[in-house]
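Structure file my_file_10.cif; described as mmCIF, N, CA and C atoms.
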```
data_input
#
loop_
_atom_site.label_atom_id
_atom_site.label_comp_id
_atom_site.auth_asym_id
_atom_site.auth_seq_id
_atom_site.Cartn_x
_atom_site.Cartn_y
_atom_site.Cartn_z
N MET A 1 -7.33 -13.22 -22.78
CA MET A 1 -6.53 -12.14 -23.30
C MET A 1 -5.32 -11.93 -22.39
N PRO A 2 -4.09 -11.94 -22.93
CA PRO A 2 -2.92 -11.73 -22.10
C PRO A 2 -2.98 -10.37 -21.40
N THR A 3 -2.37 -10.31 -20.22
CA THR A 3 -2.43 -9.10 -19.42
C THR A 3 -1.54 -7.98 -19.92
N GLY A 4 -0.57 -8.27 -20.75
CA GLY A 4 0.27 -7.23 -21.32
C GLY A 4 1.62 -7.13 -20.66
N PRO A 5 2.43 -6.20 -21.14
CA PRO A 5 3.81 -6.12 -20.67
C PRO A 5 3.96 -5.57 -19.24
N ASN A 6 3.07 -4.68 -18.81
CA ASN A 6 3.20 -4.06 -17.49
C ASN A 6 2.68 -5.01 -16.43
N GLN A 7 3.62 -5.64 -15.71
CA GLN A 7 3.26 -6.66 -14.72
C GLN A 7 3.74 -6.22 -13.35
N HIS A 8 2.81 -6.13 -12.40
CA HIS A 8 3.10 -5.63 -11.05
C HIS A 8 3.54 -6.74 -10.10
N TYR A 9 4.69 -6.53 -9.46
CA TYR A 9 5.08 -7.42 -8.37
C TYR A 9 4.56 -6.85 -7.05
N LEU A 10 4.25 -5.57 -7.02
CA LEU A 10 3.54 -4.95 -5.90
C LEU A 10 2.14 -4.66 -6.44
N PRO A 11 1.16 -5.48 -6.07
CA PRO A 11 -0.16 -5.40 -6.71
C PRO A 11 -0.79 -4.01 -6.65
N ARG A 12 -1.45 -3.67 -7.74
CA ARG A 12 -2.14 -2.38 -7.82
C ARG A 12 -3.20 -2.26 -6.73
N PHE A 13 -3.86 -3.36 -6.39
CA PHE A 13 -4.92 -3.28 -5.38
C PHE A 13 -4.37 -2.87 -4.02
N LEU A 14 -3.07 -3.06 -3.79
CA LEU A 14 -2.45 -2.57 -2.56
C LEU A 14 -2.09 -1.08 -2.67
N GLN A 15 -1.72 -0.66 -3.85
CA GLN A 15 -1.27 0.71 -4.06
C GLN A 15 -2.41 1.71 -4.21
N LYS A 16 -3.46 1.30 -4.90
CA LYS A 16 -4.53 2.24 -5.27
C LYS A 16 -5.14 3.00 -4.08
N PRO A 17 -5.37 2.36 -2.93
CA PRO A 17 -5.93 3.13 -1.80
C PRO A 17 -5.03 4.29 -1.35
N PHE A 18 -3.75 4.22 -1.69
CA PHE A 18 -2.83 5.30 -1.34
C PHE A 18 -2.69 6.31 -2.48
N GLY A 19 -3.44 6.10 -3.54
CA GLY A 19 -3.36 6.98 -4.71
C GLY A 19 -3.79 8.40 -4.40
N ILE A 20 -3.24 9.31 -5.18
CA ILE A 20 -3.54 10.73 -5.03
C ILE A 20 -4.91 10.99 -5.64
N ARG A 21 -5.79 11.60 -4.86
CA ARG A 21 -7.15 11.87 -5.31
C ARG A 21 -7.15 12.96 -6.36
N PRO A 22 -8.11 12.99 -7.25
CA PRO A 22 -9.37 12.28 -7.24
C PRO A 22 -9.33 10.95 -8.00
N LYS A 23 -8.43 10.78 -8.98
CA LYS A 23 -8.48 9.59 -9.82
C LYS A 23 -7.68 8.41 -9.28
N ARG A 24 -6.77 8.67 -8.35
CA ARG A 24 -5.93 7.64 -7.74
C ARG A 24 -5.10 6.89 -8.77
N LYS A 25 -4.65 7.57 -9.79
CA LYS A 25 -3.81 6.94 -10.82
C LYS A 25 -2.33 7.21 -10.57
N GLU A 26 -2.05 8.06 -9.56
CA GLU A 26 -0.68 8.35 -9.18
C GLU A 26 -0.52 8.12 -7.69
N ILE A 27 0.71 7.92 -7.28
CA ILE A 27 1.01 7.65 -5.88
C ILE A 27 2.32 8.37 -5.54
N TRP A 28 2.46 8.75 -4.29
CA TRP A 28 3.73 9.33 -3.84
C TRP A 28 4.71 8.20 -3.61
N VAL A 29 5.93 8.36 -4.13
CA VAL A 29 6.98 7.36 -3.94
C VAL A 29 8.09 7.99 -3.12
N PHE A 30 8.43 7.32 -2.03
CA PHE A 30 9.49 7.78 -1.13
C PHE A 30 10.63 6.77 -1.22
N ALA A 31 11.70 7.15 -1.89
CA ALA A 31 12.85 6.26 -2.07
C ALA A 31 14.05 6.82 -1.32
N ARG A 32 14.90 5.92 -0.84
CA ARG A 32 16.10 6.34 -0.12
C ARG A 32 16.95 7.24 -1.02
N GLY A 33 17.42 8.32 -0.44
CA GLY A 33 18.34 9.20 -1.15
C GLY A 33 17.71 9.98 -2.28
N ALA A 34 16.38 10.01 -2.35
CA ALA A 34 15.71 10.73 -3.43
C ALA A 34 14.60 11.59 -2.86
N THR A 35 14.28 12.64 -3.57
CA THR A 35 13.17 13.50 -3.19
C THR A 35 11.87 12.76 -3.46
N PRO A 36 10.89 12.83 -2.56
CA PRO A 36 9.60 12.20 -2.84
C PRO A 36 9.05 12.69 -4.19
N ALA A 37 8.47 11.75 -4.92
CA ALA A 37 7.97 12.10 -6.26
C ALA A 37 6.64 11.41 -6.52
N GLN A 38 5.82 12.08 -7.34
CA GLN A 38 4.57 11.47 -7.79
C GLN A 38 4.88 10.60 -9.00
N LYS A 39 4.38 9.37 -8.96
CA LYS A 39 4.57 8.47 -10.10
C LYS A 39 3.25 7.79 -10.40
N ARG A 40 3.08 7.43 -11.65
CA ARG A 40 1.88 6.69 -12.05
C ARG A 40 1.93 5.29 -11.46
N LEU A 41 0.77 4.79 -11.03
CA LEU A 41 0.70 3.43 -10.47
C LEU A 41 1.31 2.42 -11.43
N LYS A 42 1.14 2.67 -12.69
CA LYS A 42 1.66 1.77 -13.71
C LYS A 42 3.18 1.61 -13.61
N GLU A 43 3.85 2.62 -13.05
CA GLU A 43 5.31 2.63 -12.98
C GLU A 43 5.85 2.14 -11.64
N VAL A 44 4.98 1.96 -10.65
CA VAL A 44 5.43 1.64 -9.29
C VAL A 44 5.23 0.14 -9.01
N GLY A 45 6.31 -0.51 -8.58
CA GLY A 45 6.22 -1.93 -8.25
C GLY A 45 5.89 -2.78 -9.45
N ALA A 46 6.40 -2.39 -10.61
CA ALA A 46 6.09 -3.12 -11.84
C ALA A 46 7.30 -3.10 -12.78
N SER A 47 7.34 -4.08 -13.63
CA SER A 47 8.35 -4.15 -14.69
C SER A 47 7.68 -4.76 -15.92
N ASP A 48 8.17 -4.39 -17.07
CA ASP A 48 7.65 -5.03 -18.27
C ASP A 48 8.05 -6.50 -18.26
N TYR A 49 7.08 -7.35 -18.45
CA TYR A 49 7.26 -8.80 -18.53
C TYR A 49 8.01 -9.35 -17.31
N PHE A 50 7.63 -8.89 -16.11
CA PHE A 50 8.27 -9.35 -14.88
C PHE A 50 8.03 -10.86 -14.68
N TYR A 51 6.81 -11.34 -14.93
CA TYR A 51 6.48 -12.74 -14.70
C TYR A 51 6.57 -13.61 -15.95
N ALA A 52 6.43 -13.01 -17.11
CA ALA A 52 6.39 -13.84 -18.31
C ALA A 52 6.81 -13.03 -19.53
N ASP A 53 7.51 -13.68 -20.44
CA ASP A 53 7.87 -13.06 -21.70
C ASP A 53 6.63 -12.94 -22.58
N PRO A 54 6.71 -12.12 -23.63
CA PRO A 54 5.56 -12.01 -24.53
C PRO A 54 5.19 -13.39 -25.10
N VAL A 55 3.89 -13.60 -25.27
CA VAL A 55 3.40 -14.87 -25.82
C VAL A 55 2.45 -14.59 -26.98
N ALA A 56 2.16 -15.64 -27.72
CA ALA A 56 1.23 -15.51 -28.84
C ALA A 56 -0.18 -15.22 -28.30
N GLU A 57 -0.96 -14.55 -29.09
CA GLU A 57 -2.34 -14.21 -28.72
C GLU A 57 -3.08 -15.48 -28.31
N GLY A 58 -3.77 -15.41 -27.18
CA GLY A 58 -4.57 -16.54 -26.71
C GLY A 58 -3.85 -17.44 -25.72
N GLU A 59 -2.53 -17.33 -25.63
CA GLU A 59 -1.79 -18.15 -24.65
C GLU A 59 -1.82 -17.46 -23.29
N ARG A 60 -1.97 -18.26 -22.23
CA ARG A 60 -1.99 -17.71 -20.87
C ARG A 60 -0.58 -17.68 -20.31
N THR A 61 -0.33 -16.69 -19.47
CA THR A 61 0.97 -16.54 -18.83
C THR A 61 0.82 -16.64 -17.31
N LEU A 62 1.94 -16.66 -16.63
CA LEU A 62 1.92 -16.64 -15.17
C LEU A 62 1.21 -15.37 -14.68
N ASP A 63 1.46 -14.25 -15.34
CA ASP A 63 0.80 -13.01 -14.93
C ASP A 63 -0.72 -13.12 -15.07
N ASP A 64 -1.20 -13.79 -16.11
CA ASP A 64 -2.65 -14.00 -16.26
C ASP A 64 -3.20 -14.80 -15.08
N GLU A 65 -2.47 -15.84 -14.68
CA GLU A 65 -2.91 -16.67 -13.56
C GLU A 65 -2.93 -15.86 -12.26
N ILE A 66 -1.88 -15.07 -12.03
CA ILE A 66 -1.81 -14.25 -10.82
C ILE A 66 -2.94 -13.23 -10.81
N THR A 67 -3.19 -12.60 -11.94
CA THR A 67 -4.27 -11.61 -12.04
C THR A 67 -5.61 -12.24 -11.70
N GLU A 68 -5.85 -13.45 -12.17
CA GLU A 68 -7.10 -14.16 -11.89
C GLU A 68 -7.25 -14.45 -10.39
N ILE A 69 -6.15 -14.81 -9.75
CA ILE A 69 -6.16 -15.09 -8.31
C ILE A 69 -6.38 -13.81 -7.51
N GLU A 70 -5.84 -12.70 -8.02
CA GLU A 70 -5.89 -11.44 -7.27
C GLU A 70 -7.29 -10.84 -7.14
N THR A 71 -8.19 -11.17 -8.02
CA THR A 71 -9.52 -10.57 -7.95
C THR A 71 -10.20 -10.89 -6.61
N PRO A 72 -10.31 -12.16 -6.21
CA PRO A 72 -10.93 -12.42 -4.90
C PRO A 72 -10.07 -11.91 -3.74
N VAL A 73 -8.75 -11.96 -3.87
CA VAL A 73 -7.87 -11.47 -2.80
C VAL A 73 -8.08 -9.97 -2.62
N SER A 74 -8.20 -9.26 -3.73
CA SER A 74 -8.44 -7.82 -3.69
C SER A 74 -9.77 -7.51 -3.00
N ARG A 75 -10.79 -8.30 -3.29
CA ARG A 75 -12.10 -8.10 -2.65
C ARG A 75 -12.02 -8.35 -1.14
N MET A 76 -11.29 -9.40 -0.76
CA MET A 76 -11.13 -9.69 0.67
C MET A 76 -10.47 -8.52 1.39
N LEU A 77 -9.42 -7.98 0.79
CA LEU A 77 -8.72 -6.85 1.41
C LEU A 77 -9.63 -5.62 1.46
N SER A 78 -10.39 -5.41 0.43
CA SER A 78 -11.33 -4.29 0.40
C SER A 78 -12.37 -4.43 1.52
N ASP A 79 -12.87 -5.64 1.72
CA ASP A 79 -13.83 -5.89 2.80
C ASP A 79 -13.21 -5.62 4.17
N ILE A 80 -11.96 -6.03 4.33
CA ILE A 80 -11.26 -5.79 5.61
C ILE A 80 -11.09 -4.28 5.83
N ARG A 81 -10.71 -3.56 4.79
CA ARG A 81 -10.52 -2.11 4.91
C ARG A 81 -11.83 -1.41 5.26
N ALA A 82 -12.94 -1.97 4.84
CA ALA A 82 -14.24 -1.35 5.09
C ALA A 82 -14.70 -1.53 6.53
N GLU A 83 -14.10 -2.47 7.24
CA GLU A 83 -14.47 -2.71 8.64
C GLU A 83 -14.02 -1.54 9.51
N SER A 84 -14.74 -1.31 10.59
CA SER A 84 -14.33 -0.25 11.51
C SER A 84 -13.15 -0.74 12.36
N ILE A 85 -12.37 0.19 12.84
CA ILE A 85 -11.21 -0.14 13.67
C ILE A 85 -11.68 -0.92 14.89
N GLY A 86 -10.98 -2.01 15.17
CA GLY A 86 -11.32 -2.85 16.31
C GLY A 86 -12.25 -4.01 15.96
N SER A 87 -12.76 -4.02 14.74
CA SER A 87 -13.65 -5.11 14.33
C SER A 87 -12.87 -6.41 14.20
N THR A 88 -13.57 -7.51 14.35
CA THR A 88 -12.98 -8.82 14.14
C THR A 88 -13.09 -9.15 12.66
N ILE A 89 -12.00 -9.65 12.11
CA ILE A 89 -12.02 -10.01 10.69
C ILE A 89 -11.84 -11.52 10.56
N ASP A 90 -12.21 -12.04 9.42
CA ASP A 90 -12.10 -13.47 9.15
C ASP A 90 -10.62 -13.83 9.02
N SER A 91 -10.12 -14.66 9.93
CA SER A 91 -8.70 -15.01 9.93
C SER A 91 -8.30 -15.78 8.68
N ALA A 92 -9.21 -16.57 8.12
CA ALA A 92 -8.89 -17.31 6.89
C ALA A 92 -8.65 -16.35 5.74
N ASN A 93 -9.45 -15.28 5.66
CA ASN A 93 -9.24 -14.28 4.61
C ASN A 93 -7.92 -13.55 4.81
N ALA A 94 -7.63 -13.19 6.05
CA ALA A 94 -6.36 -12.50 6.34
C ALA A 94 -5.18 -13.40 5.96
N ALA A 95 -5.26 -14.67 6.30
CA ALA A 95 -4.18 -15.61 5.96
C ALA A 95 -4.03 -15.75 4.46
N GLU A 96 -5.14 -15.79 3.74
CA GLU A 96 -5.07 -15.91 2.28
C GLU A 96 -4.41 -14.69 1.65
N ILE A 97 -4.70 -13.52 2.17
CA ILE A 97 -4.08 -12.29 1.66
C ILE A 97 -2.57 -12.34 1.89
N VAL A 98 -2.18 -12.67 3.12
CA VAL A 98 -0.75 -12.74 3.44
C VAL A 98 -0.07 -13.81 2.59
N ASN A 99 -0.71 -14.96 2.47
CA ASN A 99 -0.17 -16.06 1.67
C ASN A 99 0.05 -15.66 0.22
N HIS A 100 -0.83 -14.81 -0.30
CA HIS A 100 -0.69 -14.35 -1.68
C HIS A 100 0.45 -13.34 -1.83
N LEU A 101 0.65 -12.51 -0.82
CA LEU A 101 1.60 -11.42 -0.94
C LEU A 101 3.04 -11.77 -0.56
N VAL A 102 3.23 -12.62 0.42
CA VAL A 102 4.58 -12.90 0.93
C VAL A 102 5.54 -13.38 -0.16
N PRO A 103 5.16 -14.34 -1.02
CA PRO A 103 6.13 -14.78 -2.03
C PRO A 103 6.55 -13.68 -3.00
N ARG A 104 5.81 -12.60 -3.04
CA ARG A 104 6.12 -11.52 -3.98
C ARG A 104 7.03 -10.46 -3.38
N THR A 105 7.40 -10.60 -2.11
CA THR A 105 8.28 -9.62 -1.49
C THR A 105 9.70 -9.79 -2.02
N ALA A 106 10.43 -8.69 -2.06
CA ALA A 106 11.80 -8.72 -2.56
C ALA A 106 12.65 -9.70 -1.75
N HIS A 107 12.46 -9.71 -0.42
CA HIS A 107 13.25 -10.59 0.43
C HIS A 107 13.07 -12.06 0.04
N VAL A 108 11.84 -12.48 -0.15
CA VAL A 108 11.58 -13.87 -0.50
C VAL A 108 12.13 -14.18 -1.89
N ARG A 109 11.90 -13.27 -2.84
CA ARG A 109 12.42 -13.50 -4.20
C ARG A 109 13.94 -13.63 -4.19
N VAL A 110 14.62 -12.73 -3.47
CA VAL A 110 16.09 -12.76 -3.41
C VAL A 110 16.55 -14.02 -2.70
N SER A 111 15.86 -14.42 -1.63
CA SER A 111 16.24 -15.63 -0.89
C SER A 111 16.09 -16.87 -1.76
N ILE A 112 15.03 -16.96 -2.51
CA ILE A 112 14.83 -18.10 -3.41
C ILE A 112 15.91 -18.12 -4.48
N GLU A 113 16.17 -16.97 -5.06
CA GLU A 113 17.22 -16.90 -6.09
C GLU A 113 18.57 -17.31 -5.52
N ARG A 114 18.91 -16.80 -4.34
CA ARG A 114 20.19 -17.13 -3.70
C ARG A 114 20.26 -18.63 -3.42
N GLY A 115 19.18 -19.21 -2.90
CA GLY A 115 19.16 -20.64 -2.61
C GLY A 115 19.33 -21.49 -3.85
N LEU A 116 18.66 -21.10 -4.93
CA LEU A 116 18.80 -21.86 -6.19
C LEU A 116 20.21 -21.74 -6.76
N ARG A 117 20.80 -20.56 -6.64
CA ARG A 117 22.19 -20.39 -7.11
C ARG A 117 23.15 -21.26 -6.30
N MET A 118 22.94 -21.33 -4.98
CA MET A 118 23.79 -22.15 -4.13
C MET A 118 23.64 -23.62 -4.49
N MET A 119 22.41 -24.07 -4.75
CA MET A 119 22.19 -25.46 -5.14
C MET A 119 22.87 -25.74 -6.49
N ALA A 120 22.72 -24.85 -7.44
CA ALA A 120 23.33 -25.04 -8.76
C ALA A 120 24.85 -25.08 -8.65
N ASP A 121 25.42 -24.22 -7.80
CA ASP A 121 26.88 -24.23 -7.60
C ASP A 121 27.32 -25.56 -6.99
N GLY A 122 26.54 -26.07 -6.03
CA GLY A 122 26.86 -27.35 -5.41
C GLY A 122 26.83 -28.50 -6.40
N VAL A 123 25.81 -28.52 -7.24
CA VAL A 123 25.69 -29.56 -8.27
C VAL A 123 26.86 -29.45 -9.24
N GLN A 124 27.18 -28.22 -9.63
CA GLN A 124 28.29 -28.02 -10.56
C GLN A 124 29.61 -28.51 -9.94
N THR A 125 29.82 -28.25 -8.65
CA THR A 125 31.03 -28.71 -7.96
C THR A 125 31.11 -30.23 -8.01
N ILE A 126 30.00 -30.90 -7.75
CA ILE A 126 29.99 -32.37 -7.77
C ILE A 126 30.24 -32.89 -9.19
N LEU A 127 29.57 -32.29 -10.17
CA LEU A 127 29.74 -32.76 -11.55
C LEU A 127 31.13 -32.51 -12.09
N ASN A 128 31.82 -31.53 -11.56
CA ASN A 128 33.18 -31.22 -12.03
C ASN A 128 34.24 -32.09 -11.35
N ASP A 129 33.86 -32.84 -10.31
CA ASP A 129 34.80 -33.70 -9.58
C ASP A 129 34.53 -35.14 -10.00
N GLU A 130 35.34 -35.62 -10.96
CA GLU A 130 35.11 -36.95 -11.55
C GLU A 130 35.18 -38.07 -10.51
N GLU A 131 36.13 -38.00 -9.61
CA GLU A 131 36.26 -39.06 -8.59
C GLU A 131 35.04 -39.08 -7.66
N ARG A 132 34.60 -37.92 -7.24
CA ARG A 132 33.43 -37.83 -6.34
C ARG A 132 32.18 -38.33 -7.06
N LEU A 133 32.03 -37.96 -8.30
CA LEU A 133 30.87 -38.39 -9.09
C LEU A 133 30.86 -39.90 -9.25
N GLN A 134 32.02 -40.49 -9.54
CA GLN A 134 32.10 -41.95 -9.68
C GLN A 134 31.76 -42.62 -8.35
N SER A 135 32.22 -42.05 -7.25
CA SER A 135 31.94 -42.61 -5.93
C SER A 135 30.44 -42.55 -5.63
N LEU A 136 29.81 -41.42 -5.92
CA LEU A 136 28.37 -41.26 -5.68
C LEU A 136 27.55 -42.24 -6.51
N MET A 137 28.05 -42.58 -7.69
CA MET A 137 27.32 -43.49 -8.57
C MET A 137 27.70 -44.95 -8.35
N GLY A 138 28.68 -45.19 -7.46
CA GLY A 138 29.11 -46.57 -7.18
C GLY A 138 30.00 -47.13 -8.26
N LEU A 139 30.60 -46.27 -9.06
CA LEU A 139 31.46 -46.72 -10.15
C LEU A 139 32.93 -46.67 -9.80
N ASP A 140 33.24 -46.48 -8.52
CA ASP A 140 34.63 -46.38 -8.10
C ASP A 140 35.21 -47.72 -7.63
N VAL A 141 34.45 -48.78 -7.80
CA VAL A 141 34.90 -50.12 -7.41
C VAL A 141 34.76 -51.05 -8.62
N ASP A 142 35.45 -52.21 -8.53
CA ASP A 142 35.44 -53.14 -9.67
C ASP A 142 34.22 -54.05 -9.72
N GLU A 143 33.50 -54.18 -8.61
CA GLU A 143 32.38 -55.09 -8.56
C GLU A 143 31.08 -54.31 -8.25
N PRO A 144 29.93 -54.84 -8.70
CA PRO A 144 28.65 -54.20 -8.37
C PRO A 144 28.46 -54.06 -6.86
N ASN A 145 27.84 -53.00 -6.42
CA ASN A 145 27.59 -52.75 -5.00
C ASN A 145 26.20 -52.14 -4.81
N GLU A 146 25.84 -51.83 -3.57
CA GLU A 146 24.49 -51.29 -3.28
C GLU A 146 24.21 -49.99 -4.02
N VAL A 147 25.24 -49.15 -4.15
CA VAL A 147 25.04 -47.84 -4.80
C VAL A 147 24.70 -48.06 -6.25
#
```

Would it be possible to restate this file's structure as structure tokens?
Amino acid sequence: MPTGPNQHYLPRFLQKPFGIRPKRKEIWVFARGATPAQKRLKEVGASDYFYADPVAEGERTLDDEITEIETPVSRMLSDIRAESIGSTIDSANAAEIVNHLVPRTAHVRVSIERGLRMMADGVQTILNDEERLQSLMGLDVDEPNEV
């Protein structure tokens, strides 16, 4: 079953422990230049179809895959939270949690987007320069060559 339009880039399992009791369905949001406000978890760190556009019933999306991965990651984090302060935790579990979360940070997403745009601009520059393109393909000489 598809996960639906509300897709979290800041996982709910990270937000819920900070939820306002008793139901933990809302969280305090502190934004620059704004008064702190209570918002529903559904509205925080989420966008409609952030990972995938709507699909036909029965088709899996990237969000479905991420949700499936998050179940064990969420349990690992819950186990770590249950430990007393100063306890030793399993470093492999900690690494797996970090590994799951880092690519979802705004910094990494923006860096990847910026890098891909720079690569696309570079390719476009090469493709728009007929002489350079011919040289790269070895077509700038009259006889066959290594290129």

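Near range 96-108 of chain A, within 7 Å and counting all atoms listed in the file, sit Tyr9, Leu10, Val73 and Leu77 of chain A; same-chain residues fewer than 6 positions away were not included.
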
Could you write out as lines of an AutoDock Vina configuration file the box around range 93-104 of chain A (axis-aligned, all atoms listed in the file, 5 Å on each side), with centre and edge lengths in Å to one decimal?
```
center_x = -1.2
center_y = -13.3
center_z = 1.2
size_x = 26.5
size_y = 15.6
size_z = 20.3
```

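Pairwise distance (CA of Pro72 in chain A, CA of Asn93 in chain A) equals 9.8 Å.
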
Which residues are near range 27-37 of chain A? Cut-off 6 Å, all atoms listed in the file, ignore same chain within fewer than 5 positions. Put them as number ranges by chain.
A: 18-20

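Distances to Asp53 in chain A were evaluated for A:Leu136, A:Arg114, A:Glu143, A:Gly4 using only N, CA and C atoms, and the minimum falls at A:Gly4.
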
Strand (DSSP E) residues, from DSSP on the backbone, in chain A, as a PyMOL selection string:
chain A and resi 6-8+26-29+37-40+46-48

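With CA of Lys25 in chain A on one side and atom C of Arg40 in chain A on the other, the separation reads 6.0 Å.
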
DSSP on the backbone, alpha helix (DSSP H) only: what residues of range 39-125 of chain A does that give? Format it as number ranges by chain.
A: 62-82, 91-101, 106-125
